[in-house]
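Undergrad: Input file: model36.txt. Contents: compact mmCIF, C-alpha atoms and all ligand atoms.
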# COMPACT_ATOMS: atom_id res chain seq x y z
CA MET A 1007 0.00 0.00 0.00
CA LYS A 1008 3.05 2.25 0.20
CA ASP A 1009 3.27 4.89 -2.53
CA THR A 1010 7.03 4.49 -2.70
CA VAL A 1011 7.24 1.06 -4.36
CA ILE A 1012 9.55 1.62 -7.33
CA ASP A 1013 8.26 0.70 -10.79
CA ASP A 1014 10.78 -1.68 -12.38
CA LEU A 1015 8.19 -3.85 -14.16
CA PHE A 1016 9.60 -3.34 -17.66
CA ASP A 1017 13.27 -3.56 -16.69
CA ARG A 1018 13.37 -7.33 -16.99
CA ALA A 1019 14.12 -8.50 -20.50
CA ALA A 1020 12.69 -11.98 -19.88
CA GLY A 1021 10.54 -13.24 -22.73
CA PRO A 1022 8.27 -11.50 -25.21
CA VAL A 1023 6.39 -8.39 -24.08
CA ARG A 1024 2.80 -9.13 -23.08
CA PRO A 1025 0.00 -6.58 -23.65
CA PHE A 1026 -0.28 -4.07 -20.78
CA GLU A 1027 -2.73 -5.09 -18.04
CA PHE A 1028 -3.85 -3.38 -14.84
CA ASP A 1029 -3.01 -6.40 -12.68
CA ALA A 1030 -1.69 -6.71 -9.12
CA ASP A 1031 1.91 -5.94 -10.19
CA VAL A 1032 0.89 -2.69 -11.86
CA ALA A 1033 -1.39 -1.72 -8.95
CA ARG A 1034 1.50 -2.19 -6.51
CA VAL A 1035 3.80 0.25 -8.36
CA PHE A 1036 1.11 2.49 -9.87
CA PRO A 1037 1.72 5.74 -7.92
CA ASP A 1038 5.42 5.66 -8.85
CA MET A 1039 4.68 4.57 -12.45
CA VAL A 1040 2.16 7.31 -13.16
CA ARG A 1041 4.24 10.04 -11.50
CA ARG A 1042 7.36 9.13 -13.51
CA SER A 1043 5.45 8.55 -16.79
CA VAL A 1044 2.88 11.35 -17.03
CA PRO A 1045 4.30 14.88 -17.03
CA GLY A 1046 2.09 17.15 -14.91
CA TYR A 1047 0.13 14.27 -13.30
CA ALA A 1048 0.12 15.88 -9.83
CA GLU A 1049 -1.12 19.16 -11.32
CA LEU A 1050 -3.89 17.35 -13.23
CA VAL A 1051 -5.09 15.65 -10.06
CA GLY A 1052 -4.88 18.78 -7.92
CA LEU A 1053 -6.66 21.02 -10.44
CA SER A 1054 -9.41 18.41 -10.89
CA GLY A 1055 -10.17 18.91 -7.21
CA LEU A 1056 -10.41 22.67 -7.74
CA ILE A 1057 -12.84 22.13 -10.63
CA ALA A 1058 -14.90 19.88 -8.34
CA ARG A 1059 -14.97 22.67 -5.75
CA ARG A 1060 -16.56 24.99 -8.35
CA VAL A 1061 -19.17 22.60 -9.75
CA ALA A 1062 -20.11 20.09 -7.05
CA GLY A 1063 -23.13 21.55 -5.31
CA PRO A 1064 -24.64 20.09 -2.11
CA GLY A 1065 -26.20 16.67 -2.58
CA THR A 1066 -24.57 16.06 -5.98
CA ARG A 1067 -22.42 13.16 -7.02
CA CYS A 1068 -19.00 13.07 -8.69
CA TYR A 1069 -17.86 10.09 -10.77
CA ASP A 1070 -14.19 9.09 -11.02
CA LEU A 1071 -14.22 6.68 -13.99
CA GLY A 1072 -11.12 4.49 -14.24
CA CYS A 1073 -10.17 5.65 -10.77
CA SER A 1074 -7.12 3.34 -10.29
CA LEU A 1075 -5.98 3.95 -6.70
CA GLY A 1076 -8.25 6.98 -6.30
CA ALA A 1077 -5.94 9.98 -6.60
CA VAL A 1078 -8.70 12.06 -8.23
CA THR A 1079 -11.33 10.72 -5.82
CA ARG A 1080 -9.24 11.93 -2.87
CA SER A 1081 -8.60 15.29 -4.55
CA ILE A 1082 -12.37 15.77 -5.00
CA LEU A 1083 -13.10 14.72 -1.39
CA ARG A 1084 -10.57 17.24 -0.08
CA GLN A 1085 -12.06 20.13 -2.04
CA THR A 1086 -15.80 19.55 -1.58
CA GLY A 1087 -18.30 19.60 1.25
CA PRO A 1088 -19.41 16.63 3.36
CA ASP A 1089 -22.65 16.13 1.42
CA VAL A 1090 -20.86 15.63 -1.91
CA SER A 1091 -20.24 11.97 -2.69
CA VAL A 1092 -17.88 10.25 -5.10
CA VAL A 1093 -18.53 7.12 -7.14
CA ALA A 1094 -15.12 5.60 -7.90
CA VAL A 1095 -15.18 2.99 -10.66
CA ASP A 1096 -12.50 0.68 -12.06
CA ASN A 1097 -12.73 -2.75 -13.65
CA ALA A 1098 -9.35 -3.90 -12.34
CA PRO A 1099 -9.91 -5.78 -9.04
CA ALA A 1100 -6.34 -5.02 -7.89
CA MET A 1101 -6.96 -1.28 -8.28
CA ILE A 1102 -10.28 -1.32 -6.39
CA GLU A 1103 -8.74 -3.41 -3.59
CA GLY A 1104 -5.81 -0.97 -3.37
CA LEU A 1105 -8.20 1.99 -3.31
CA GLN A 1106 -10.32 0.47 -0.53
CA ALA A 1107 -7.23 -0.29 1.56
CA ARG A 1108 -5.97 3.27 1.13
CA LEU A 1109 -9.28 4.88 2.02
CA ALA A 1110 -9.56 2.72 5.14
CA ALA A 1111 -6.02 3.64 6.22
CA GLU A 1112 -6.51 7.40 5.91
CA ALA A 1113 -7.99 8.71 9.15
CA GLU A 1114 -8.96 12.04 7.55
CA THR A 1115 -11.07 10.40 4.80
CA ASP A 1116 -14.80 10.01 5.37
CA VAL A 1117 -15.31 6.65 3.67
CA THR A 1118 -19.08 7.03 3.79
CA ARG A 1119 -18.73 9.67 1.05
CA VAL A 1120 -17.21 7.16 -1.40
CA GLU A 1121 -18.85 4.31 -3.26
CA THR A 1122 -16.26 2.02 -4.86
CA LEU A 1123 -17.37 -0.11 -7.79
CA CYS A 1124 -15.39 -2.84 -9.50
CA ALA A 1125 -17.17 -2.53 -12.82
CA ASP A 1126 -16.82 -1.61 -16.46
CA ILE A 1127 -17.49 2.10 -16.96
CA ARG A 1128 -19.40 1.20 -20.14
CA SER A 1129 -22.10 -0.53 -18.12
CA ILE A 1130 -22.66 1.53 -14.96
CA ALA A 1131 -25.52 3.99 -14.38
CA ILE A 1132 -24.48 7.66 -14.36
CA GLU A 1133 -27.09 9.85 -12.65
CA GLY A 1134 -27.24 13.20 -10.87
CA ALA A 1135 -23.60 13.99 -11.64
CA SER A 1136 -22.17 17.46 -11.13
CA LEU A 1137 -18.77 16.15 -12.25
CA VAL A 1138 -17.57 13.16 -14.25
CA VAL A 1139 -13.82 12.62 -14.49
CA LEU A 1140 -12.15 10.47 -17.14
CA ASN A 1141 -8.52 10.97 -16.07
CA LEU A 1142 -6.41 9.01 -18.59
CA THR A 1143 -9.15 6.38 -18.96
CA LEU A 1144 -10.99 6.94 -22.28
CA GLN A 1145 -7.74 6.03 -24.08
CA PHE A 1146 -8.24 2.40 -22.92
CA VAL A 1147 -11.85 2.14 -24.18
CA PRO A 1148 -12.22 0.68 -27.71
CA ILE A 1149 -12.53 3.61 -30.14
CA GLU A 1150 -15.95 2.54 -31.42
CA GLU A 1151 -17.36 2.64 -27.88
CA ARG A 1152 -16.08 6.09 -26.91
CA LEU A 1153 -18.99 8.07 -28.40
CA GLY A 1154 -21.65 5.99 -26.64
CA LEU A 1155 -19.88 6.38 -23.29
CA LEU A 1156 -19.61 10.16 -23.73
CA GLN A 1157 -23.31 10.36 -24.65
CA ARG A 1158 -24.26 8.50 -21.48
CA ILE A 1159 -22.03 10.79 -19.41
CA ARG A 1160 -23.68 13.87 -20.91
CA ALA A 1161 -27.14 12.46 -20.15
CA GLY A 1162 -26.12 11.87 -16.51
CA LEU A 1163 -24.93 15.41 -15.79
CA VAL A 1164 -27.11 17.87 -13.84
CA PRO A 1165 -27.44 21.47 -15.08
CA GLY A 1166 -24.08 23.16 -14.48
CA GLY A 1167 -22.34 19.80 -14.44
CA VAL A 1168 -19.08 19.19 -16.30
CA LEU A 1169 -16.87 16.43 -17.64
CA ILE A 1170 -13.11 16.46 -17.15
CA LEU A 1171 -11.45 14.51 -19.96
CA ALA A 1172 -7.69 13.97 -19.69
CA GLU A 1173 -5.89 11.92 -22.32
CA LYS A 1174 -2.58 11.03 -23.84
CA PHE A 1175 -3.06 12.36 -27.37
CA ALA A 1176 -1.61 11.54 -30.77
CA GLY A 1177 0.44 14.50 -31.93
CA PRO A 1178 0.32 15.69 -35.52
CA LYS A 1179 2.27 13.67 -38.09
CA GLY A 1180 5.73 15.08 -38.80
CA ARG A 1181 8.06 17.19 -36.75
CA ALA A 1182 5.53 18.54 -34.25
CA GLY A 1183 4.35 15.09 -33.21
CA ASP A 1184 7.91 13.72 -33.23
CA TRP A 1185 8.98 16.46 -30.81
CA LEU A 1186 6.24 15.53 -28.34
CA THR A 1187 7.11 11.82 -28.43
CA THR A 1188 10.83 12.48 -28.12
CA LEU A 1189 10.37 14.82 -25.18
CA HIS A 1190 8.02 12.37 -23.45
CA GLU A 1191 10.70 9.69 -23.70
CA ASP A 1192 13.28 12.21 -22.43
CA PHE A 1193 10.95 12.85 -19.47
CA LYS A 1194 10.92 9.11 -18.73
CA ARG A 1195 14.72 8.87 -19.06
CA ALA A 1196 15.14 11.84 -16.74
CA ASN A 1197 12.92 10.00 -14.25
CA GLY A 1198 15.20 6.99 -14.26
CA TYR A 1199 13.58 4.65 -16.78
CA SER A 1200 16.04 2.59 -18.86
CA GLU A 1201 15.96 2.40 -22.67
CA LEU A 1202 14.81 -1.21 -22.27
CA ALA A 1203 11.95 -0.28 -19.95
CA ILE A 1204 10.81 2.55 -22.23
CA ALA A 1205 10.85 0.30 -25.30
CA ARG A 1206 9.13 -2.65 -23.62
CA LYS A 1207 6.36 -0.51 -22.14
CA ARG A 1208 5.84 1.16 -25.55
CA THR A 1209 5.30 -2.31 -27.09
CA ALA A 1210 3.03 -3.45 -24.21
CA LEU A 1211 0.79 -0.39 -24.63
CA GLU A 1212 0.59 -0.55 -28.44
CA GLN A 1213 -2.78 -2.31 -28.86
CA VAL A 1214 -4.09 -1.27 -25.44
CA LEU A 1215 -3.76 2.51 -25.08
CA ILE A 1216 -5.05 4.05 -28.31
CA PRO A 1217 -4.42 7.81 -28.38
CA GLU A 1218 -6.35 10.05 -30.77
CA SER A 1219 -5.65 13.56 -32.07
CA LEU A 1220 -6.95 16.69 -30.38
CA GLU A 1221 -9.25 17.23 -33.37
CA GLU A 1222 -10.73 13.73 -33.14
CA HIS A 1223 -11.49 14.22 -29.44
CA GLU A 1224 -13.04 17.65 -29.92
CA ARG A 1225 -15.16 16.47 -32.85
CA ARG A 1226 -16.48 13.55 -30.77
CA LEU A 1227 -17.29 15.75 -27.77
CA ALA A 1228 -19.45 17.93 -30.03
CA GLU A 1229 -21.05 14.86 -31.59
CA ALA A 1230 -21.88 13.52 -28.11
CA GLY A 1231 -23.95 16.67 -27.58
CA PHE A 1232 -21.72 18.70 -25.27
CA ALA A 1233 -22.19 22.47 -25.71
CA GLY A 1234 -18.53 23.46 -25.41
CA SER A 1235 -15.10 22.69 -24.04
CA VAL A 1236 -11.85 24.35 -23.10
CA ARG A 1237 -8.39 22.83 -22.93
CA TRP A 1238 -7.07 23.69 -19.49
CA PHE A 1239 -3.97 21.51 -19.33
CA GLN A 1240 -1.25 20.34 -21.65
CA SER A 1241 2.12 18.86 -20.87
CA LEU A 1242 3.88 17.29 -23.86
CA ASN A 1243 1.45 14.69 -25.28
CA PHE A 1244 -1.00 14.83 -22.36
CA VAL A 1245 -4.03 17.11 -22.43
CA ALA A 1246 -7.15 17.83 -20.40
CA TRP A 1247 -10.45 19.44 -21.33
CA LEU A 1248 -13.23 20.87 -19.20
CA VAL A 1249 -16.45 20.03 -21.07
CA TRP A 1250 -19.91 21.44 -20.36
CA ILE A 1251 -23.51 20.78 -21.37
N1 LIG B 1 -13.68 -0.13 -19.38
C1 LIG B 1 -13.14 0.20 -18.19
N2 LIG B 1 -13.92 0.22 -17.08
C2 LIG B 1 -13.40 0.54 -15.88
N3 LIG B 1 -12.10 0.89 -15.70
C3 LIG B 1 -11.30 0.87 -16.77
C4 LIG B 1 -11.77 0.53 -18.06
N4 LIG B 1 -10.74 0.60 -18.94
C5 LIG B 1 -9.65 0.97 -18.22
N5 LIG B 1 -9.98 1.13 -16.92
C6 LIG B 1 -9.11 1.55 -15.80
O1 LIG B 1 -8.66 2.85 -16.09
C7 LIG B 1 -7.46 3.09 -15.38
C8 LIG B 1 -6.51 3.87 -16.26
S1 LIG B 1 -5.23 4.70 -15.35
C9 LIG B 1 -6.19 6.02 -14.65
C10 LIG B 1 -5.49 6.89 -13.67
C11 LIG B 1 -6.40 7.44 -12.62
N6 LIG B 1 -7.64 8.01 -13.18
C12 LIG B 1 -5.67 8.46 -11.77
O2 LIG B 1 -6.06 9.63 -11.81
O3 LIG B 1 -4.72 8.07 -11.09
C13 LIG B 1 -4.35 5.60 -16.55
C14 LIG B 1 -3.06 5.08 -16.95
O4 LIG B 1 -2.60 4.11 -16.33
O5 LIG B 1 -2.48 5.63 -17.95
C15 LIG B 1 -6.93 1.73 -14.94
O6 LIG B 1 -6.96 1.61 -13.53
C16 LIG B 1 -7.84 0.73 -15.64
O7 LIG B 1 -8.08 -0.44 -14.90
O1 LIG B 2 3.86 5.48 -19.89
C1 LIG B 2 3.19 5.97 -20.80
O2 LIG B 2 3.64 6.02 -21.97
C2 LIG B 2 1.87 6.49 -20.57
O3 LIG B 2 1.21 6.82 -21.48
C3 LIG B 2 1.35 6.65 -19.19
C4 LIG B 2 0.88 5.42 -18.49
C5 LIG B 2 0.98 5.43 -17.12
C6 LIG B 2 0.59 4.33 -16.39
C7 LIG B 2 0.08 3.22 -17.05
C8 LIG B 2 -0.03 3.21 -18.44
C9 LIG B 2 0.37 4.33 -19.15
Step by step, read the file and then write its structure as structure tokens.

TA:
Amino acid sequence: MKDTVIDDLFDRAAGPVRPFEFDADVARVFPDMVRRSVPGYAELVGLSGLIARRVAGPGTRCYDLGCSLGAVTRSILRQTGPDVSVVAVDNAPAMIEGLQARLAAEAETDVTRVETLCADIRSIAIEGASLVVLNLTLQFVPIEERLGLLQRIRAGLVPGGVLILAEKFAGPKGRAGDWLTTLHEDFKRANGYSELAIARKRTALEQVLIPESLEEHERRLAEAGFAGSVRWFQSLNFVAWLVWI
């Protein structure tokens, strides 16, 4: 449960690379992995809490979809009043178990405000939501199912409610996109990842994390019926939008 377990999962050269999975090994190292792999992750999580503070009125619900170990859930809890609840959803049992253990261990957290669900975000009910957060999660949903999920999210928002969508995005073809990829790999090197680990994780993620361009995302948000959006975060090839109805 410690957040200091070092991620060395891709350092071992043994055997062919298997597709990336959110299993118990990943859950164990996840805080270190995400901090060293996603530039601006802490800022994304912290600012999501500030957005919650603005939009989550009394008696409303926030959804953290693909919550992993609940960093965003805890950020929302910290920034909102006692009558705001959070539904934290992930389909990886190891993540939900890790989240539950963390919540129970934190004396300052009111666990009665959190409902944890080990479920697929494509099949849960979304109702009475002032905030829905997809923090680096939509990228793992099959492309043909992304529109339907966004439509259901929009239908579940209350007036004044918003969606936070954060994604790794596909940069433009050519030099601009190449710069973003190169600098992201430099970021990983600077955080201590080996060439082997970077290459093996790239292969493991290939058919699993499918990034799309900024234009594809923005076109789909409009198609899903959202009224507007603003990009409020970008660090290299990671971006976040605030999306309203
Ligand atoms: N269909 C699905 N249903 C439910 N969960 C899913 C699904 N697909 C993927 N997941 C879950 O989405 C999470 C993505 S990680 C999110 C980080 C977190 N938001 C954070 O703020 O720390 C991002 C990353 O690792 O790049 C994993 O825990 C998956 O099990
Ligand atoms: O490492 C990467 O390239 C990423 O895109 C971030 C990430 C972080 C944690 C799990 C999977 C992907």

Undergrad: May I have the residues within 6 Å of region 1132-1142 of chain A as a list in words, using all atoms listed in the file and disregarding those fewer than 4 positions away in the same chain?

TA: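 In the requested form, the answer reads Ala1062, Thr1066, Arg1067, Cys1068, Tyr1069, Asp1070, Leu1071, Gly1162, Leu1163, Val1164, Gly1167, Val1168, Leu1169, Ile1170, Leu1171, Ala1172 and Glu1173 of chain A.
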
Undergrad: So that I can check the surroundings of Pro1025 (chain A), please list as a PDB file with C-alpha atoms, keeping the file's coordinate frame every protein, DNA and RNA residue that reaches within 8 Å of it, counting only C-alpha atoms and ignoring chain neighbours fewer than 2 positions away.

TA:
ATOM      1  CA  VAL A1023       6.390  -8.390 -24.080  1.00  0.00           C
ATOM      2  CA  GLU A1027      -2.730  -5.090 -18.040  1.00  0.00           C
ATOM      3  CA  THR A1209       5.300  -2.310 -27.090  1.00  0.00           C
ATOM      4  CA  ALA A1210       3.030  -3.450 -24.210  1.00  0.00           C
ATOM      5  CA  LEU A1211       0.790  -0.390 -24.630  1.00  0.00           C
ATOM      6  CA  GLU A1212       0.590  -0.550 -28.440  1.00  0.00           C
ATOM      7  CA  GLN A1213      -2.780  -2.310 -28.860  1.00  0.00           C
ATOM      8  CA  VAL A1214      -4.090  -1.270 -25.440  1.00  0.00           C
TER       9      VAL A1214
END

Undergrad: For Phe1016 (chain A), which of A:Leu1155, A:Ala1203, A:Val1245, A:Cys1124 is the closest residue, counting only C-alpha atoms?

TA: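 Of the candidates, the smallest distance to Phe1016 (chain A) is held by A:Ala1203.
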
Undergrad: Residues up to 7 Å from ligand LIG 2 (chain B), counting only C-alpha atoms and all ligand atoms: could you list those as a list of chain:residue names?

TA: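 Residues satisfying the distance criterion: A:Phe1036, A:Met1039, A:Val1040, A:Ser1043, A:Val1044, A:Lys1174, A:Lys1207, A:Arg1208.
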
Undergrad: Can those selected residues be exported to a file as an mmCIF file, in the coordinates of the input so that it contains C-alpha atoms?

TA:
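What ended up in part_25.cif:
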data_model
loop_
_atom_site.group_PDB
_atom_site.id
_atom_site.type_symbol
_atom_site.label_atom_id
_atom_site.label_comp_id
_atom_site.auth_asym_id
_atom_site.auth_seq_id
_atom_site.Cartn_x
_atom_site.Cartn_y
_atom_site.Cartn_z
ATOM 1 C CA PHE A 1036 1.110 2.490 -9.870
ATOM 2 C CA MET A 1039 4.680 4.570 -12.450
ATOM 3 C CA VAL A 1040 2.160 7.310 -13.160
ATOM 4 C CA SER A 1043 5.450 8.550 -16.790
ATOM 5 C CA VAL A 1044 2.880 11.350 -17.030
ATOM 6 C CA LYS A 1174 -2.580 11.030 -23.840
ATOM 7 C CA LYS A 1207 6.360 -0.510 -22.140
ATOM 8 C CA ARG A 1208 5.840 1.160 -25.550
#

Undergrad: Using all atoms listed in the file for the distances, tell me which of A:Leu1189, A:Ala1131, A:Ala1233, A:Ala1205 is nearest to Pro1045 (chain A).

TA: A:Leu1189

Undergrad: Enclose ligand LIG 1 (chain B), meaning all of its atoms listed in the file, in a box aligned along x, y and z, pad it by 3 Å on each side, and list the centre and edge lengths in Å to one decimal, as JSON.

TA:
{"center_x": -8.2, "center_y": 4.6, "center_z": -15.2, "size_x": 17.4, "size_y": 16.1, "size_z": 14.3}
